[in-house]
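Next comes structure_8.pdb, with PDB, C-alpha atoms.
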ATOM      1  CA  MET A   1    -107.845 -70.824 118.306
ATOM      2  CA  LYS A   2    -110.109 -70.084 121.283
ATOM      3  CA  HIS A   3    -111.852 -73.047 122.902
ATOM      4  CA  VAL A   4    -115.415 -72.126 121.866
ATOM      5  CA  ALA A   5    -114.434 -71.712 118.202
ATOM      6  CA  ALA A   6    -112.257 -74.826 118.367
ATOM      7  CA  ARG A   7    -115.153 -76.910 119.707
ATOM      8  CA  ARG A   8    -117.425 -75.777 116.895
ATOM      9  CA  THR A   9    -114.738 -76.439 114.286
ATOM     10  CA  VAL A  10    -113.914 -79.924 115.568
ATOM     11  CA  ALA A  11    -117.572 -80.948 115.874
ATOM     12  CA  ALA A  12    -118.399 -79.719 112.341
ATOM     13  CA  LEU A  13    -115.324 -81.387 110.840
ATOM     14  CA  TYR A  14    -116.003 -84.666 112.673
ATOM     15  CA  GLN A  15    -119.588 -84.696 111.391
ATOM     16  CA  GLU A  16    -118.496 -83.958 107.823
ATOM     17  CA  LEU A  17    -115.957 -86.775 107.892
ATOM     18  CA  GLY A  18    -118.745 -89.098 109.007
ATOM     19  CA  GLN A  19    -121.061 -87.882 106.254
ATOM     20  CA  ARG A  20    -118.332 -88.421 103.658
ATOM     21  CA  GLY A  21    -117.674 -91.960 104.894
ATOM     22  CA  LEU A  22    -114.128 -91.401 106.127
ATOM     23  CA  ILE A  23    -115.067 -92.052 109.749
ATOM     24  CA  LEU A  24    -117.456 -94.837 110.714
ATOM     25  CA  GLY A  25    -118.539 -95.304 114.322
ATOM     26  CA  SER A  26    -115.702 -94.539 116.734
ATOM     27  CA  SER A  27    -112.934 -95.416 114.265
ATOM     28  CA  GLY A  28    -111.333 -91.979 113.925
ATOM     29  CA  ASN A  29    -110.612 -88.720 115.696
ATOM     30  CA  VAL A  30    -110.169 -85.021 115.021
ATOM     31  CA  SER A  31    -108.403 -82.228 116.880
ATOM     32  CA  VAL A  32    -107.669 -78.511 116.591
ATOM     33  CA  ARG A  33    -104.762 -76.769 118.300
ATOM     34  CA  THR A  34    -105.609 -74.179 120.977
ATOM     35  CA  LYS A  35    -103.424 -71.767 122.930
ATOM     36  CA  GLY A  36    -103.160 -74.171 125.839
ATOM     37  CA  GLY A  37    -103.187 -77.463 123.947
ATOM     38  CA  MET A  38    -105.984 -78.867 121.796
ATOM     39  CA  VAL A  39    -109.669 -79.700 121.533
ATOM     40  CA  ILE A  40    -110.149 -83.331 120.486
ATOM     41  CA  THR A  41    -113.021 -85.737 119.926
ATOM     42  CA  PRO A  42    -113.896 -87.993 122.872
ATOM     43  CA  SER A  43    -112.988 -91.623 123.400
ATOM     44  CA  GLY A  44    -115.653 -93.913 121.938
ATOM     45  CA  GLY A  45    -117.475 -91.042 120.234
ATOM     46  CA  SER A  46    -119.072 -91.090 116.795
ATOM     47  CA  PRO A  47    -119.767 -88.276 114.303
ATOM     48  CA  GLU A  48    -123.524 -88.758 114.590
ATOM     49  CA  ALA A  49    -123.613 -88.394 118.371
ATOM     50  CA  VAL A  50    -120.905 -85.860 119.242
ATOM     51  CA  GLY A  51    -121.481 -82.110 119.460
ATOM     52  CA  PRO A  52    -119.315 -79.214 120.667
ATOM     53  CA  ARG A  53    -120.115 -79.837 124.348
ATOM     54  CA  ASP A  54    -119.032 -83.487 124.114
ATOM     55  CA  LEU A  55    -115.442 -82.717 123.112
ATOM     56  CA  ALA A  56    -112.389 -82.750 125.371
ATOM     57  CA  ALA A  57    -110.125 -79.716 125.789
ATOM     58  CA  THR A  58    -106.700 -80.922 126.894
ATOM     59  CA  THR A  59    -103.134 -79.792 127.281
ATOM     60  CA  LEU A  60    -100.522 -81.523 125.127
ATOM     61  CA  ASP A  61     -99.791 -83.609 128.218
ATOM     62  CA  GLY A  62    -103.364 -84.919 128.256
ATOM     63  CA  MET A  63    -104.578 -82.920 131.250
ATOM     64  CA  THR A  64    -108.267 -82.005 130.987
ATOM     65  CA  ALA A  65    -110.891 -80.479 133.234
ATOM     66  CA  ASP A  66    -113.735 -81.686 130.985
ATOM     67  CA  ALA A  67    -116.023 -84.559 131.870
ATOM     68  CA  ALA A  68    -115.295 -86.056 128.448
ATOM     69  CA  THR A  69    -112.394 -88.487 128.134
ATOM     70  CA  PRO A  70    -110.166 -87.506 125.191
ATOM     71  CA  SER A  71    -109.678 -89.930 122.321
ATOM     72  CA  SER A  72    -107.258 -92.757 123.054
ATOM     73  CA  GLU A  73    -105.133 -91.356 120.225
ATOM     74  CA  TRP A  74    -104.603 -87.972 121.924
ATOM     75  CA  PRO A  75    -100.874 -88.751 122.436
ATOM     76  CA  MET A  76    -100.439 -89.066 118.657
ATOM     77  CA  HIS A  77    -102.114 -85.702 118.028
ATOM     78  CA  ALA A  78    -100.082 -84.082 120.812
ATOM     79  CA  ALA A  79     -96.786 -85.462 119.504
ATOM     80  CA  ILE A  80     -97.459 -84.088 116.016
ATOM     81  CA  TYR A  81     -98.410 -80.665 117.403
ATOM     82  CA  ARG A  82     -95.183 -80.599 119.416
ATOM     83  CA  ASN A  83     -93.101 -81.483 116.355
ATOM     84  CA  ASN A  84     -94.778 -79.068 113.950
ATOM     85  CA  GLN A  85     -95.726 -75.614 115.134
ATOM     86  CA  ASP A  86     -97.507 -74.950 111.820
ATOM     87  CA  ALA A  87     -99.980 -77.795 112.395
ATOM     88  CA  ALA A  88    -103.324 -76.374 113.548
ATOM     89  CA  CYS A  89    -105.638 -79.302 112.776
ATOM     90  CA  ILE A  90    -105.234 -83.097 112.675
ATOM     91  CA  ILE A  91    -107.501 -85.798 111.218
ATOM     92  CA  HIS A  92    -106.994 -89.503 111.889
ATOM     93  CA  THR A  93    -109.251 -92.031 110.158
ATOM     94  CA  HIS A  94    -109.527 -95.685 109.209
ATOM     95  CA  ALA A  95    -110.781 -94.744 105.734
ATOM     96  CA  ASP A  96    -111.078 -97.821 103.511
ATOM     97  CA  ALA A  97    -108.440 -97.277 100.832
ATOM     98  CA  CYS A  98    -105.882 -95.710 103.164
ATOM     99  CA  SER A  99    -106.304 -98.537 105.653
ATOM    100  CA  ALA A 100    -106.101-101.190 102.914
ATOM    101  CA  LEU A 101    -102.769 -99.822 101.674
ATOM    102  CA  ALA A 102    -101.544 -99.389 105.254
ATOM    103  CA  CYS A 103    -102.311-103.079 105.846
ATOM    104  CA  LEU A 104     -99.797-103.876 103.109
ATOM    105  CA  ASN A 105     -97.250-101.925 105.203
ATOM    106  CA  GLU A 106     -96.339 -99.867 102.148
ATOM    107  CA  PRO A 107     -96.081 -96.144 101.430
ATOM    108  CA  LEU A 108     -98.178 -94.530  98.719
ATOM    109  CA  PRO A 109     -95.639 -94.190  95.873
ATOM    110  CA  ALA A 110     -95.404 -91.604  93.109
ATOM    111  CA  PHE A 111     -97.842 -93.295  90.744
ATOM    112  CA  HIS A 112     -99.635 -89.941  90.286
ATOM    113  CA  TYR A 113     -98.237 -86.413  90.326
ATOM    114  CA  MET A 114    -100.689 -85.357  93.068
ATOM    115  CA  VAL A 115     -98.655 -87.370  95.584
ATOM    116  CA  VAL A 116     -96.207 -84.435  95.765
ATOM    117  CA  GLN A 117     -98.997 -82.387  97.363
ATOM    118  CA  PHE A 118     -98.180 -84.173 100.635
ATOM    119  CA  GLY A 119     -94.619 -82.868 100.802
ATOM    120  CA  GLY A 120     -92.511 -85.628  99.269
ATOM    121  CA  VAL A 121     -92.231 -88.261  96.562
ATOM    122  CA  THR A 122     -94.237 -90.733  98.662
ATOM    123  CA  VAL A 123     -96.726 -90.669 101.499
ATOM    124  CA  PRO A 124     -94.743 -92.710 104.055
ATOM    125  CA  CYS A 125     -96.077 -95.512 106.243
ATOM    126  CA  ALA A 126     -95.240 -95.733 109.962
ATOM    127  CA  PRO A 127     -94.535 -99.237 111.351
ATOM    128  CA  TYR A 128     -97.269-100.973 113.333
ATOM    129  CA  VAL A 129     -97.478-100.620 117.094
ATOM    130  CA  THR A 130    -100.502-100.822 119.403
ATOM    131  CA  PHE A 131    -103.025 -97.998 119.032
ATOM    132  CA  GLY A 132    -103.193 -95.275 121.675
ATOM    133  CA  THR A 133     -99.643 -95.857 122.926
ATOM    134  CA  PRO A 134     -96.705 -93.468 123.363
ATOM    135  CA  GLU A 135     -94.793 -95.684 120.919
ATOM    136  CA  LEU A 136     -97.364 -95.044 118.162
ATOM    137  CA  ALA A 137     -97.364 -91.333 118.963
ATOM    138  CA  ALA A 138     -93.583 -91.155 118.560
ATOM    139  CA  LEU A 139     -93.540 -93.184 115.343
ATOM    140  CA  ALA A 140     -96.366 -91.191 113.761
ATOM    141  CA  ALA A 141     -94.755 -87.849 114.643
ATOM    142  CA  GLU A 142     -91.416 -89.043 113.233
ATOM    143  CA  THR A 143     -92.896 -90.514 110.039
ATOM    144  CA  ILE A 144     -95.099 -87.524 109.180
ATOM    145  CA  GLN A 145     -92.244 -85.051 109.725
ATOM    146  CA  GLY A 146     -91.736 -83.103 106.486
ATOM    147  CA  HIS A 147     -95.046 -84.365 105.095
ATOM    148  CA  SER A 148     -98.670 -83.377 105.593
ATOM    149  CA  ALA A 149     -99.830 -87.003 105.919
ATOM    150  CA  CYS A 150     -98.682 -90.536 106.587
ATOM    151  CA  LEU A 151    -100.161 -94.011 106.703
ATOM    152  CA  LEU A 152    -100.157 -96.080 109.900
ATOM    153  CA  ALA A 153     -99.396 -99.754 109.253
ATOM    154  CA  ASN A 154    -102.331-102.115 109.859
ATOM    155  CA  HIS A 155    -104.302 -99.146 111.165
ATOM    156  CA  GLY A 156    -105.187 -96.145 108.984
ATOM    157  CA  MET A 157    -103.906 -92.673 108.182
ATOM    158  CA  ILE A 158    -103.256 -89.301 109.780
ATOM    159  CA  VAL A 159    -103.227 -85.852 108.156
ATOM    160  CA  GLN A 160    -102.116 -82.468 109.490
ATOM    161  CA  GLY A 161    -102.833 -78.982 108.172
ATOM    162  CA  PRO A 162    -102.863 -75.238 108.891
ATOM    163  CA  ASP A 163    -106.671 -75.120 109.202
ATOM    164  CA  ALA A 164    -109.709 -77.388 109.139
ATOM    165  CA  ALA A 165    -110.594 -76.857 105.460
ATOM    166  CA  THR A 166    -107.086 -77.655 104.217
ATOM    167  CA  THR A 167    -106.798 -80.703 106.470
ATOM    168  CA  LEU A 168    -110.151 -82.048 105.262
ATOM    169  CA  ALA A 169    -109.127 -81.511 101.628
ATOM    170  CA  ARG A 170    -105.888 -83.401 102.259
ATOM    171  CA  ALA A 171    -107.716 -86.300 103.930
ATOM    172  CA  LEU A 172    -110.124 -86.587 100.993
ATOM    173  CA  LEU A 173    -107.282 -86.409  98.461
ATOM    174  CA  LEU A 174    -105.242 -89.063 100.268
ATOM    175  CA  GLU A 175    -108.184 -91.469 100.371
ATOM    176  CA  SER A 176    -108.860 -90.870  96.663
ATOM    177  CA  LEU A 177    -105.220 -91.438  95.686
ATOM    178  CA  CYS A 178    -104.931 -94.612  97.771
ATOM    179  CA  ARG A 179    -108.076 -95.937  96.114
ATOM    180  CA  GLN A 180    -106.760 -95.126  92.639
ATOM    181  CA  TYR A 181    -103.405 -96.755  93.406
ATOM    182  CA  LEU A 182    -105.012 -99.962  94.644
ATOM    183  CA  MET A 183    -107.246-100.042  91.543
ATOM    184  CA  ALA A 184    -104.213 -99.579  89.303
ATOM    185  CA  ARG A 185    -102.361-102.387  91.114
ATOM    186  CA  ALA A 186    -105.346-104.681  90.713
ATOM    187  CA  ALA A 187    -105.258-104.039  86.940
ATOM    188  CA  GLY A 188    -101.495-104.333  86.504
ATOM    189  CA  THR A 189     -98.234-102.688  87.539
ATOM    190  CA  PRO A 190     -98.527 -98.907  87.895
ATOM    191  CA  ARG A 191     -95.828 -96.834  86.232
ATOM    192  CA  LEU A 192     -94.118 -94.659  88.834
ATOM    193  CA  LEU A 193     -93.061 -91.128  87.954
ATOM    194  CA  SER A 194     -89.361 -90.299  87.716
ATOM    195  CA  ASP A 195     -87.574 -87.769  89.919
ATOM    196  CA  THR A 196     -87.473 -85.397  86.940
ATOM    197  CA  GLU A 197     -91.216 -85.711  86.356
ATOM    198  CA  LEU A 198     -91.940 -85.173  90.040
ATOM    199  CA  ALA A 199     -89.690 -82.116  90.187
ATOM    200  CA  ALA A 200     -91.566 -80.667  87.215
ATOM    201  CA  ALA A 201     -94.878 -81.261  89.016
ATOM    202  CA  VAL A 202     -93.580 -79.490  92.133
ATOM    203  CA  GLU A 203     -92.590 -76.483  90.012
ATOM    204  CA  ARG A 204     -95.948 -76.463  88.255
ATOM    205  CA  PHE A 205     -97.809 -76.409  91.574
ATOM    206  CA  LYS A 206     -95.962 -73.204  92.539
ATOM    207  CA  THR A 207     -98.095 -71.298  90.021
ATOM    208  CA  TYR A 208    -101.230 -73.481  90.238
ATOM    209  CA  GLY A 209    -104.500 -72.142  91.604
ATOM    210  CA  PRO A 210    -106.108 -68.696  91.937
ATOM    211  CA  ARG A 211    -103.830 -65.683  91.730
ATOM    212  CA  ARG A 212    -103.444 -63.705  94.953
ATOM    213  CA  ALA A 213    -103.352 -59.928  95.220
ATOM    214  CA  GLY A 214     -99.895 -58.607  94.477
ATOM    215  CA  ARG A 215     -98.847 -61.835  92.758
TER
END
As a first step, turn the structure in this file into structure tokens.
Amino acid sequence: MKHVAARRTVAALYQELGQRGLILGSSGNVSVRTKGGMVITPSGGSPEAVGPRDLAATTLDGMTADAATPSSEWPMHAAIYRNNQDAACIIHTHADACSALACLNEPLPAFHYMVVQFGGVTVPCAPYVTFGTPELAALAAETIQGHSACLLANHGMIVQGPDAATTLARALLLESLCRQYLMARAAGTPRLLSDTELAAAVERFKTYGPRRAGR
């Protein structure tokens, strides 16, 4: 994506995440892949105050000519882009339910068939390390491999996708599922789906949704 379009996309997505309550203050960040690297929200920014001109365009090595300082989590975004060439957009938030489950240092298990939408039978949880470090970047990129999202222990969550709309939808779904799982645990012991049931859900999703031309 070209830088001008990427700036508009990131700013609009960042603002929508704030409006939906997934990002409060400076507790999250958003990026979009560009030909030379990425456009990412600035360090210490907030959805209410950041516009397209306030974003940082960087290489995947963190080099930028902008006045804005890229988010402290830029290494995590860069590591995921390096590992997955299909990733075009990344959202990282400290959304309530995701962060609560992450603070238990547990993955989101297959309590609901929608969990398979993230590429596996769980949404995995990366171990805790200090935010904004190369160690977190490496762990996040490793943990999310083969999935479209993962939790970050004692921290939050991160979601990748092929475009902004899909990535936003995944972030909203993950927060909803984490909330439902925590509610179910508070009421009792959730029944987890079997491998057979999950495989059937995966097959069902292959024909789910609007039909495309020629299909």
Worksheet entry | Contacts of A:Ile80 within 12 Å, all atoms listed in the file, excl. fewer than 3 positions in-chain, as a PyMOL selection string | chain A and resi 31-33+37-38+60+73-77+83-92+134+136-150+158-161
Worksheet item: What lies within 9 Å of A:Lys35 using only C-alpha atoms, ignoring chain neighbours under 4 positions off, as a list in words?
Response: Met1, Lys2 and His3 of chain A
Response to the item:
Min atom-atom distance to A:Ala56 from the set A:Ala97, A:Ala169, A:Leu24, A:Val10, counting all atoms listed in the file, belongs to A:Val10
Worksheet item: Got a sec: who's within 6 Å of A:Pro52, counting only C-alpha atoms, leaving out chain neighbours fewer than 4 positions off, as a list in words?
Response: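 Result of the neighbour search: Arg7, Arg8 and Ala11 of chain A.
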I want to know what sits within 10 Å of A:Thr58, based on all atoms listed in the file, with residues of the same chain fewer than 2 positions away left out; could you give that as a CSV table (one decimal) with C-alpha atoms, keeping the file's coordinate frame?
chain,number,residue,atom,x,y,z
A,33,ARG,CA,-104.8,-76.8,118.3
A,34,THR,CA,-105.6,-74.2,121.0
A,36,GLY,CA,-103.2,-74.2,125.8
A,37,GLY,CA,-103.2,-77.5,123.9
A,38,MET,CA,-106.0,-78.9,121.8
A,39,VAL,CA,-109.7,-79.7,121.5
A,40,ILE,CA,-110.1,-83.3,120.5
A,55,LEU,CA,-115.4,-82.7,123.1
A,56,ALA,CA,-112.4,-82.8,125.4
A,60,LEU,CA,-100.5,-81.5,125.1
A,61,ASP,CA,-99.8,-83.6,128.2
A,62,GLY,CA,-103.4,-84.9,128.3
A,63,MET,CA,-104.6,-82.9,131.2
A,64,THR,CA,-108.3,-82.0,131.0
A,65,ALA,CA,-110.9,-80.5,133.2
A,66,ASP,CA,-113.7,-81.7,131.0
A,69,THR,CA,-112.4,-88.5,128.1
A,70,PRO,CA,-110.2,-87.5,125.2
A,74,TRP,CA,-104.6,-88.0,121.9
A,78,ALA,CA,-100.1,-84.1,120.8
Worksheet item: Which residues fall under the PyMOL selection byres ((chain A and resi 102) around 7) in this file, as a ChimeraX atom specification?
Response: /A:98-101,103-106,125,151-156
Selected residues written out, C-alpha atoms, as a tab-separated table (two decimals), in the coordinates of the input:
chain	number	residue	atom	x	y	z
A	98	CYS	CA	-105.88	-95.71	103.16
A	99	SER	CA	-106.30	-98.54	105.65
A	100	ALA	CA	-106.10	-101.19	102.91
A	101	LEU	CA	-102.77	-99.82	101.67
A	103	CYS	CA	-102.31	-103.08	105.85
A	104	LEU	CA	-99.80	-103.88	103.11
A	105	ASN	CA	-97.25	-101.92	105.20
A	106	GLU	CA	-96.34	-99.87	102.15
A	125	CYS	CA	-96.08	-95.51	106.24
A	151	LEU	CA	-100.16	-94.01	106.70
A	152	LEU	CA	-100.16	-96.08	109.90
A	153	ALA	CA	-99.40	-99.75	109.25
A	154	ASN	CA	-102.33	-102.12	109.86
A	155	HIS	CA	-104.30	-99.15	111.16
A	156	GLY	CA	-105.19	-96.14	108.98
For this file, the PyMOL selection byres ((chain A and resi 109) around 9) selects which residues, as a compact mmCIF listing (two decimals) with C-alpha atoms, keeping the file's coordinate frame?
# COMPACT_ATOMS: atom_id res chain seq x y z
CA GLU A 106 -96.34 -99.87 102.15
CA PRO A 107 -96.08 -96.14 101.43
CA LEU A 108 -98.18 -94.53 98.72
CA ALA A 110 -95.40 -91.60 93.11
CA PHE A 111 -97.84 -93.30 90.74
CA HIS A 112 -99.64 -89.94 90.29
CA VAL A 115 -98.66 -87.37 95.58
CA VAL A 121 -92.23 -88.26 96.56
CA THR A 122 -94.24 -90.73 98.66
CA VAL A 123 -96.73 -90.67 101.50
CA PRO A 124 -94.74 -92.71 104.06
CA TYR A 181 -103.40 -96.76 93.41
CA LEU A 192 -94.12 -94.66 88.83
CA LEU A 193 -93.06 -91.13 87.95
Worksheet entry | One-decimal distance in Å that lies between atom CA of A:Asp96 and atom CA of A:Arg20 |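 Spanning atom CA of A:Arg20 to atom CA of A:Asp96 is a straight-line distance of 11.9 Å.
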Worksheet item: Between atom CA of A:Leu173 and atom CA of A:Ala186, what is the spacing in Å?
Response: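 Rounded to one decimal, the two atoms are 19.9 Å apart.
Rounded to one decimal, atom CA of A:Thr189 and atom CA of A:Gln117 lie 22.6 Å from each other.
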The centre and edge lengths of an axis-aligned box containing all atoms of stretch 10-26 of chain A present in the file, extended by 5 Å on each side, are to be given in Å to one decimal, as lines of an AutoDock Vina configuration file.
center_x = -117.5
center_y = -87.5
center_z = 110.2
size_x = 17.1
size_y = 25.6
size_z = 23.1
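Using only C-alpha atoms, the nearest neighbour of A:Thr167 within the list A:Val129, A:Leu17, A:Ala6, A:Ala200 is A:Leu17.
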Worksheet item: In terms of the shortest atom-to-atom distance over all atoms listed in the file, which of A:Ser71, A:Thr9, A:Gln15, A:Thr133 is closest to A:Val50?
Response: A:Gln15
Practice prompt. Considering all atoms listed in the file, state which residue in the set A:Ala95, A:Gly119, A:Pro47, A:Ala5 is at the smallest distance from A:Gln19.
Written response: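 Comparing A:Ala95, A:Gly119, A:Pro47, A:Ala5 against A:Gln19, the winner is A:Pro47.
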Please complete stretch 116-139 of chain A so it has N, CA and C atoms, and hand it over as a PDB file, in the frame of the given file.
ATOM      1  N   VAL A 116     -97.137 -85.464  95.278  1.00  0.00           N
ATOM      2  CA  VAL A 116     -96.207 -84.435  95.765  1.00  0.00           C
ATOM      3  C   VAL A 116     -96.916 -83.387  96.616  1.00  0.00           C
ATOM      4  N   GLN A 117     -98.248 -83.343  96.553  1.00  0.00           N
ATOM      5  CA  GLN A 117     -98.997 -82.387  97.363  1.00  0.00           C
ATOM      6  C   GLN A 117     -98.842 -82.649  98.864  1.00  0.00           C
ATOM      7  N   PHE A 118     -98.340 -83.831  99.221  1.00  0.00           N
ATOM      8  CA  PHE A 118     -98.180 -84.173 100.635  1.00  0.00           C
ATOM      9  C   PHE A 118     -96.760 -83.929 101.143  1.00  0.00           C
ATOM     10  N   GLY A 119     -95.915 -83.299 100.310  1.00  0.00           N
ATOM     11  CA  GLY A 119     -94.619 -82.868 100.802  1.00  0.00           C
ATOM     12  C   GLY A 119     -93.445 -83.759 100.474  1.00  0.00           C
ATOM     13  N   GLY A 120     -93.627 -84.751  99.628  1.00  0.00           N
ATOM     14  CA  GLY A 120     -92.511 -85.628  99.269  1.00  0.00           C
ATOM     15  C   GLY A 120     -92.844 -86.449  98.041  1.00  0.00           C
ATOM     16  N   VAL A 121     -91.995 -87.410  97.732  1.00  0.00           N
ATOM     17  CA  VAL A 121     -92.231 -88.261  96.562  1.00  0.00           C
ATOM     18  C   VAL A 121     -93.048 -89.502  96.918  1.00  0.00           C
ATOM     19  N   THR A 122     -93.324 -89.692  98.187  1.00  0.00           N
ATOM     20  CA  THR A 122     -94.237 -90.733  98.662  1.00  0.00           C
ATOM     21  C   THR A 122     -95.019 -90.176  99.843  1.00  0.00           C
ATOM     22  N   VAL A 123     -96.094 -90.869 100.192  1.00  0.00           N
ATOM     23  CA  VAL A 123     -96.726 -90.669 101.499  1.00  0.00           C
ATOM     24  C   VAL A 123     -96.245 -91.842 102.340  1.00  0.00           C
ATOM     25  N   PRO A 124     -95.379 -91.608 103.329  1.00  0.00           N
ATOM     26  CA  PRO A 124     -94.743 -92.710 104.055  1.00  0.00           C
ATOM     27  C   PRO A 124     -95.710 -93.475 104.956  1.00  0.00           C
ATOM     28  N   CYS A 125     -95.261 -94.649 105.371  1.00  0.00           N
ATOM     29  CA  CYS A 125     -96.077 -95.512 106.243  1.00  0.00           C
ATOM     30  C   CYS A 125     -95.298 -95.808 107.516  1.00  0.00           C
ATOM     31  N   ALA A 126     -95.872 -95.453 108.669  1.00  0.00           N
ATOM     32  CA  ALA A 126     -95.240 -95.733 109.962  1.00  0.00           C
ATOM     33  C   ALA A 126     -95.406 -97.213 110.305  1.00  0.00           C
ATOM     34  N   PRO A 127     -94.417 -97.834 110.948  1.00  0.00           N
ATOM     35  CA  PRO A 127     -94.535 -99.237 111.351  1.00  0.00           C
ATOM     36  C   PRO A 127     -95.686 -99.452 112.337  1.00  0.00           C
ATOM     37  N   TYR A 128     -96.157-100.672 112.422  1.00  0.00           N
ATOM     38  CA  TYR A 128     -97.269-100.973 113.333  1.00  0.00           C
ATOM     39  C   TYR A 128     -96.809-101.057 114.788  1.00  0.00           C
ATOM     40  N   VAL A 129     -97.539-100.404 115.649  1.00  0.00           N
ATOM     41  CA  VAL A 129     -97.478-100.620 117.094  1.00  0.00           C
ATOM     42  C   VAL A 129     -98.908-100.444 117.616  1.00  0.00           C
ATOM     43  N   THR A 130     -99.156-100.852 118.838  1.00  0.00           N
ATOM     44  CA  THR A 130    -100.502-100.822 119.403  1.00  0.00           C
ATOM     45  C   THR A 130    -101.082 -99.410 119.416  1.00  0.00           C
ATOM     46  N   PHE A 131    -102.363 -99.301 119.078  1.00  0.00           N
ATOM     47  CA  PHE A 131    -103.025 -97.998 119.032  1.00  0.00           C
ATOM     48  C   PHE A 131    -103.050 -97.354 120.427  1.00  0.00           C
ATOM     49  N   GLY A 132    -103.059 -96.022 120.431  1.00  0.00           N
ATOM     50  CA  GLY A 132    -103.193 -95.275 121.675  1.00  0.00           C
ATOM     51  C   GLY A 132    -101.989 -95.308 122.586  1.00  0.00           C
ATOM     52  N   THR A 133    -100.831 -95.743 122.074  1.00  0.00           N
ATOM     53  CA  THR A 133     -99.643 -95.857 122.926  1.00  0.00           C
ATOM     54  C   THR A 133     -98.651 -94.726 122.649  1.00  0.00           C
ATOM     55  N   PRO A 134     -97.766 -94.448 123.608  1.00  0.00           N
ATOM     56  CA  PRO A 134     -96.705 -93.468 123.363  1.00  0.00           C
ATOM     57  C   PRO A 134     -95.802 -93.874 122.199  1.00  0.00           C
ATOM     58  N   GLU A 135     -95.632 -95.196 122.015  1.00  0.00           N
ATOM     59  CA  GLU A 135     -94.793 -95.684 120.919  1.00  0.00           C
ATOM     60  C   GLU A 135     -95.387 -95.301 119.567  1.00  0.00           C
ATOM     61  N   LEU A 136     -96.720 -95.450 119.413  1.00  0.00           N
ATOM     62  CA  LEU A 136     -97.364 -95.044 118.162  1.00  0.00           C
ATOM     63  C   LEU A 136     -97.260 -93.538 117.982  1.00  0.00           C
ATOM     64  N   ALA A 137     -97.456 -92.789 119.041  1.00  0.00           N
ATOM     65  CA  ALA A 137     -97.364 -91.333 118.963  1.00  0.00           C
ATOM     66  C   ALA A 137     -95.995 -90.907 118.437  1.00  0.00           C
ATOM     67  N   ALA A 138     -94.941 -91.511 118.972  1.00  0.00           N
ATOM     68  CA  ALA A 138     -93.583 -91.155 118.560  1.00  0.00           C
ATOM     69  C   ALA A 138     -93.322 -91.545 117.111  1.00  0.00           C
ATOM     70  N   LEU A 139     -93.757 -92.729 116.720  1.00  0.00           N
ATOM     71  CA  LEU A 139     -93.540 -93.184 115.343  1.00  0.00           C
ATOM     72  C   LEU A 139     -94.316 -92.341 114.341  1.00  0.00           C
TER      73      LEU A 139
END
